[in-house]
Every structure is written in C-alpha cells, then in structure tokens.
file final18.cif (mmCIF, N, CA and C atoms)
data_work
loop_
_atom_site.group_PDB
_atom_site.id
_atom_site.type_symbol
_atom_site.label_atom_id
_atom_site.label_comp_id
_atom_site.auth_asym_id
_atom_site.auth_seq_id
_atom_site.Cartn_x
_atom_site.Cartn_y
_atom_site.Cartn_z
ATOM 1 N N MET P 1 -49.256 -65.629 -140.037
ATOM 2 C CA MET P 1 -49.827 -66.381 -141.131
ATOM 3 C C MET P 1 -51.282 -66.711 -140.792
ATOM 4 N N ALA P 2 -52.159 -66.534 -141.738
ATOM 5 C CA ALA P 2 -53.569 -66.820 -141.542
ATOM 6 C C ALA P 2 -53.802 -68.331 -141.482
ATOM 7 N N LEU P 3 -54.838 -68.702 -140.773
ATOM 8 C CA LEU P 3 -55.213 -70.101 -140.664
ATOM 9 C C LEU P 3 -55.829 -70.548 -141.986
ATOM 10 N N SER P 4 -55.305 -71.621 -142.556
ATOM 11 C CA SER P 4 -55.732 -72.072 -143.876
ATOM 12 C C SER P 4 -55.993 -73.577 -143.871
ATOM 13 N N LYS P 5 -57.165 -73.976 -144.320
ATOM 14 C CA LYS P 5 -57.495 -75.395 -144.415
ATOM 15 C C LYS P 5 -56.549 -76.104 -145.376
ATOM 16 N N GLU P 6 -56.245 -75.445 -146.481
ATOM 17 C CA GLU P 6 -55.384 -76.064 -147.483
ATOM 18 C C GLU P 6 -53.964 -76.252 -146.961
ATOM 19 N N ARG P 7 -53.436 -75.243 -146.266
ATOM 20 C CA ARG P 7 -52.078 -75.340 -145.721
ATOM 21 C C ARG P 7 -52.011 -76.412 -144.644
ATOM 22 N N LEU P 8 -53.015 -76.468 -143.787
ATOM 23 C CA LEU P 8 -53.026 -77.492 -142.745
ATOM 24 C C LEU P 8 -53.155 -78.881 -143.367
ATOM 25 N N ARG P 9 -53.995 -79.031 -144.387
ATOM 26 C CA ARG P 9 -54.129 -80.310 -145.091
ATOM 27 C C ARG P 9 -52.776 -80.745 -145.649
ATOM 28 N N ASP P 10 -52.079 -79.820 -146.303
ATOM 29 C CA ASP P 10 -50.778 -80.140 -146.878
ATOM 30 C C ASP P 10 -49.780 -80.538 -145.798
ATOM 31 N N ARG P 11 -49.854 -79.881 -144.651
ATOM 32 C CA ARG P 11 -48.959 -80.203 -143.536
ATOM 33 C C ARG P 11 -49.258 -81.593 -142.987
ATOM 34 N N ILE P 12 -50.538 -81.947 -142.899
ATOM 35 C CA ILE P 12 -50.922 -83.283 -142.447
ATOM 36 C C ILE P 12 -50.426 -84.334 -143.430
ATOM 37 N N VAL P 13 -50.586 -84.065 -144.727
ATOM 38 C CA VAL P 13 -50.099 -84.994 -145.760
ATOM 39 C C VAL P 13 -48.586 -85.163 -145.642
ATOM 40 N N GLU P 14 -47.854 -84.062 -145.451
ATOM 41 C CA GLU P 14 -46.390 -84.144 -145.291
ATOM 42 C C GLU P 14 -46.027 -85.017 -144.098
ATOM 43 N N GLU P 15 -46.738 -84.825 -143.004
ATOM 44 C CA GLU P 15 -46.447 -85.601 -141.792
ATOM 45 C C GLU P 15 -46.775 -87.074 -141.995
ATOM 46 N N LEU P 16 -47.886 -87.372 -142.658
ATOM 47 C CA LEU P 16 -48.229 -88.774 -142.938
ATOM 48 C C LEU P 16 -47.156 -89.427 -143.804
ATOM 49 N N ARG P 17 -46.680 -88.699 -144.810
ATOM 50 C CA ARG P 17 -45.601 -89.227 -145.667
ATOM 51 C C ARG P 17 -44.350 -89.509 -144.852
ATOM 52 N N SER P 18 -43.993 -88.581 -143.975
ATOM 53 C CA SER P 18 -42.776 -88.762 -143.177
ATOM 54 C C SER P 18 -42.904 -89.939 -142.215
ATOM 55 N N GLN P 19 -44.129 -90.302 -141.879
ATOM 56 C CA GLN P 19 -44.365 -91.439 -140.989
ATOM 57 C C GLN P 19 -44.516 -92.753 -141.762
ATOM 58 N N GLY P 20 -44.395 -92.690 -143.097
ATOM 59 C CA GLY P 20 -44.413 -93.898 -143.902
ATOM 60 C C GLY P 20 -45.755 -94.286 -144.484
ATOM 61 N N PHE P 21 -46.748 -93.433 -144.337
ATOM 62 C CA PHE P 21 -48.050 -93.725 -144.930
ATOM 63 C C PHE P 21 -47.978 -93.543 -146.440
ATOM 64 N N GLY P 22 -48.777 -94.290 -147.163
ATOM 65 C CA GLY P 22 -48.775 -94.247 -148.619
ATOM 66 C C GLY P 22 -49.629 -93.137 -149.172
ATOM 67 N N VAL P 23 -49.342 -91.921 -148.793
ATOM 68 C CA VAL P 23 -50.100 -90.776 -149.282
ATOM 69 C C VAL P 23 -49.801 -90.593 -150.762
ATOM 70 N N GLY P 24 -50.829 -90.399 -151.543
ATOM 71 C CA GLY P 24 -50.662 -90.233 -152.975
ATOM 72 C C GLY P 24 -50.979 -91.508 -153.730
ATOM 73 N N GLU P 25 -51.134 -92.597 -152.995
ATOM 74 C CA GLU P 25 -51.460 -93.865 -153.616
ATOM 75 C C GLU P 25 -52.973 -94.071 -153.577
ATOM 76 N N LEU P 26 -53.492 -94.597 -154.662
ATOM 77 C CA LEU P 26 -54.927 -94.858 -154.732
ATOM 78 C C LEU P 26 -55.245 -96.213 -154.115
ATOM 79 N N GLY P 27 -56.400 -96.272 -153.462
ATOM 80 C CA GLY P 27 -56.860 -97.543 -152.925
ATOM 81 C C GLY P 27 -57.431 -98.411 -154.035
ATOM 82 N N ARG P 28 -57.859 -99.587 -153.682
ATOM 83 C CA ARG P 28 -58.443 -100.501 -154.676
ATOM 84 C C ARG P 28 -59.657 -99.902 -155.367
ATOM 85 N N ASP P 29 -60.333 -99.016 -154.669
ATOM 86 C CA ASP P 29 -61.524 -98.376 -155.225
ATOM 87 C C ASP P 29 -61.199 -97.120 -156.032
ATOM 88 N N GLY P 30 -59.905 -96.826 -156.208
ATOM 89 C CA GLY P 30 -59.489 -95.675 -157.003
ATOM 90 C C GLY P 30 -59.537 -94.351 -156.261
ATOM 91 N N ILE P 31 -59.698 -94.407 -154.939
ATOM 92 C CA ILE P 31 -59.791 -93.186 -154.139
ATOM 93 C C ILE P 31 -58.552 -93.053 -153.265
ATOM 94 N N ASN P 32 -58.021 -91.862 -153.182
ATOM 95 C CA ASN P 32 -56.883 -91.569 -152.313
ATOM 96 C C ASN P 32 -57.436 -91.257 -150.922
ATOM 97 N N TRP P 33 -57.617 -92.314 -150.124
ATOM 98 C CA TRP P 33 -58.274 -92.158 -148.832
ATOM 99 C C TRP P 33 -57.447 -91.373 -147.834
ATOM 100 N N LEU P 34 -56.132 -91.494 -147.830
ATOM 101 C CA LEU P 34 -55.326 -90.737 -146.871
ATOM 102 C C LEU P 34 -55.391 -89.242 -147.160
ATOM 103 N N TYR P 35 -55.424 -88.874 -148.431
ATOM 104 C CA TYR P 35 -55.547 -87.453 -148.787
ATOM 105 C C TYR P 35 -56.917 -86.931 -148.358
ATOM 106 N N ARG P 36 -57.942 -87.734 -148.570
ATOM 107 C CA ARG P 36 -59.291 -87.327 -148.140
ATOM 108 C C ARG P 36 -59.365 -87.247 -146.620
ATOM 109 N N PHE P 37 -58.685 -88.156 -145.922
ATOM 110 C CA PHE P 37 -58.619 -88.121 -144.469
ATOM 111 C C PHE P 37 -57.954 -86.835 -143.998
ATOM 112 N N ALA P 38 -56.831 -86.487 -144.614
ATOM 113 C CA ALA P 38 -56.112 -85.263 -144.244
ATOM 114 C C ALA P 38 -56.985 -84.039 -144.492
ATOM 115 N N THR P 39 -57.746 -84.035 -145.577
ATOM 116 C CA THR P 39 -58.646 -82.924 -145.877
ATOM 117 C C THR P 39 -59.727 -82.807 -144.808
ATOM 118 N N ALA P 40 -60.318 -83.931 -144.426
ATOM 119 C CA ALA P 40 -61.381 -83.921 -143.415
ATOM 120 C C ALA P 40 -60.858 -83.428 -142.070
ATOM 121 N N VAL P 41 -59.677 -83.896 -141.672
ATOM 122 C CA VAL P 41 -59.092 -83.470 -140.398
ATOM 123 C C VAL P 41 -58.793 -81.975 -140.419
ATOM 124 N N ALA P 42 -58.176 -81.505 -141.481
ATOM 125 C CA ALA P 42 -57.838 -80.080 -141.590
ATOM 126 C C ALA P 42 -59.099 -79.220 -141.553
ATOM 127 N N ASN P 43 -60.130 -79.614 -142.305
ATOM 128 C CA ASN P 43 -61.375 -78.844 -142.320
ATOM 129 C C ASN P 43 -61.999 -78.775 -140.933
ATOM 130 N N ALA P 44 -62.061 -79.910 -140.246
ATOM 131 C CA ALA P 44 -62.660 -79.949 -138.907
ATOM 132 C C ALA P 44 -61.852 -79.109 -137.918
ATOM 133 N N MET P 45 -60.532 -79.204 -137.984
ATOM 134 C CA MET P 45 -59.700 -78.457 -137.046
ATOM 135 C C MET P 45 -59.831 -76.951 -137.246
ATOM 136 N N VAL P 46 -59.762 -76.497 -138.476
ATOM 137 C CA VAL P 46 -59.861 -75.061 -138.752
ATOM 138 C C VAL P 46 -61.246 -74.539 -138.374
ATOM 139 N N ASP P 47 -62.291 -75.278 -138.726
ATOM 140 C CA ASP P 47 -63.645 -74.849 -138.363
ATOM 141 C C ASP P 47 -63.804 -74.740 -136.860
ATOM 142 N N GLU P 48 -63.299 -75.730 -136.124
ATOM 143 C CA GLU P 48 -63.419 -75.725 -134.663
ATOM 144 C C GLU P 48 -62.632 -74.568 -134.051
ATOM 145 N N ILE P 49 -61.423 -74.344 -134.538
ATOM 146 C CA ILE P 49 -60.600 -73.241 -134.026
ATOM 147 C C ILE P 49 -61.294 -71.905 -134.278
ATOM 148 N N GLN P 50 -61.839 -71.731 -135.472
ATOM 149 C CA GLN P 50 -62.498 -70.465 -135.795
ATOM 150 C C GLN P 50 -63.768 -70.269 -134.978
ATOM 151 N N GLN P 51 -64.511 -71.332 -134.718
ATOM 152 C CA GLN P 51 -65.735 -71.219 -133.925
ATOM 153 C C GLN P 51 -65.430 -70.881 -132.477
ATOM 154 N N ASN P 52 -64.273 -71.325 -132.007
ATOM 155 C CA ASN P 52 -63.915 -71.115 -130.606
ATOM 156 C C ASN P 52 -62.891 -70.008 -130.410
ATOM 157 N N ALA P 53 -62.702 -69.197 -131.443
ATOM 158 C CA ALA P 53 -61.704 -68.129 -131.358
ATOM 159 C C ALA P 53 -62.032 -67.164 -130.229
ATOM 160 N N GLU P 54 -60.979 -66.729 -129.574
ATOM 161 C CA GLU P 54 -61.161 -65.734 -128.516
ATOM 162 C C GLU P 54 -61.631 -64.430 -129.136
ATOM 163 N N THR P 55 -62.307 -63.653 -128.344
ATOM 164 C CA THR P 55 -62.776 -62.361 -128.824
ATOM 165 C C THR P 55 -62.110 -61.252 -128.019
ATOM 166 N N SER P 56 -62.041 -60.093 -128.624
ATOM 167 C CA SER P 56 -61.473 -58.937 -127.934
ATOM 168 C C SER P 56 -62.526 -58.353 -127.002
ATOM 169 N N GLU P 57 -62.184 -57.291 -126.307
ATOM 170 C CA GLU P 57 -63.132 -56.635 -125.415
ATOM 171 C C GLU P 57 -64.331 -56.084 -126.175
ATOM 172 N N ASP P 58 -64.148 -55.774 -127.438
ATOM 173 C CA ASP P 58 -65.240 -55.249 -128.272
ATOM 174 C C ASP P 58 -66.009 -56.372 -128.936
ATOM 175 N N HIS P 59 -65.738 -57.613 -128.530
ATOM 176 C CA HIS P 59 -66.416 -58.794 -129.090
ATOM 177 C C HIS P 59 -66.159 -58.962 -130.576
ATOM 178 N N GLU P 60 -64.970 -58.578 -131.006
ATOM 179 C CA GLU P 60 -64.567 -58.780 -132.387
ATOM 180 C C GLU P 60 -63.734 -60.047 -132.438
ATOM 181 N N ARG P 61 -63.918 -60.819 -133.489
ATOM 182 C CA ARG P 61 -63.140 -62.040 -133.646
ATOM 183 C C ARG P 61 -61.671 -61.689 -133.848
ATOM 184 N N ILE P 62 -60.803 -62.402 -133.189
ATOM 185 C CA ILE P 62 -59.373 -62.168 -133.316
ATOM 186 C C ILE P 62 -58.841 -62.835 -134.564
ATOM 187 N N LEU P 63 -59.332 -64.021 -134.880
ATOM 188 C CA LEU P 63 -58.853 -64.746 -136.073
ATOM 189 C C LEU P 63 -59.696 -64.400 -137.261
#
call {"tool": "encode", "arguments": {"input": "final18.cif", "output": "structure tokens"}}
result
Amino acid sequence: MALSKERLRDRIVEELRSQGFGVGELGRDGINWLYRFATAVANAMVDEIQQNAETSEDHERIL
C-alpha cells in the first residue's frame, strides 16, 4: 500500500476516537481542532518519511 497523508490522517482520527477524544466535535470557535491536528501530524509524518526514504544502489527513491 502506498503511503498516503489522507489514509494516515484517517487512521489517527480513528485512534483518537478509540481513546475517547471528541473527534468530529467543533470547538467554541467553530473549528474541529482534533481533525486539524490529525491532518497536521499525518502531513508532517509522510513528508518526513518521504524525505528520508532509503535509496537503491542506483540512487532511485524506493517510496
């Protein structure tokens, strides 16, 4: 399976829900901060993994 920011975000949201966080609920300011948090974490993780991906002997990206 390819590395996907959206899939990782959804997985983080699922895990937050299972831990009892109020994912899907809006804050007083009308913003779903936990969903935005999950998006930021997923984006940072995927970007970091892709930047640090191992390369083959021909210096081709593996991911």
call {"tool": "residues_around", "arguments": {"input": "final18.cif", "residues": "P:Val46", "least_positions_apart": "3", "cutoff": "7 Å", "atoms": "all atoms listed in the file", "output": "list in words"}}
result
Leu3, Ser4, Lys5, Val41, Ala42, Asn43, Ile49, Gln50 and Gln51 of chain P
call {"tool": "resolve_selection", "arguments": {"input": "final18.cif", "expression": "the PyMOL selection byres (((chain P and resi 25-36 and name CA) around 12) and name CA)", "output": "PyMOL selection string"}}
result
chain P and resi 6+8-17+20-24+37-43
call {"tool": "atom_distance", "arguments": {"input": "final18.cif", "atom1": "atom CA of P:Met45", "atom2": "atom CA of P:Ala2"}}
result
13.9 Å
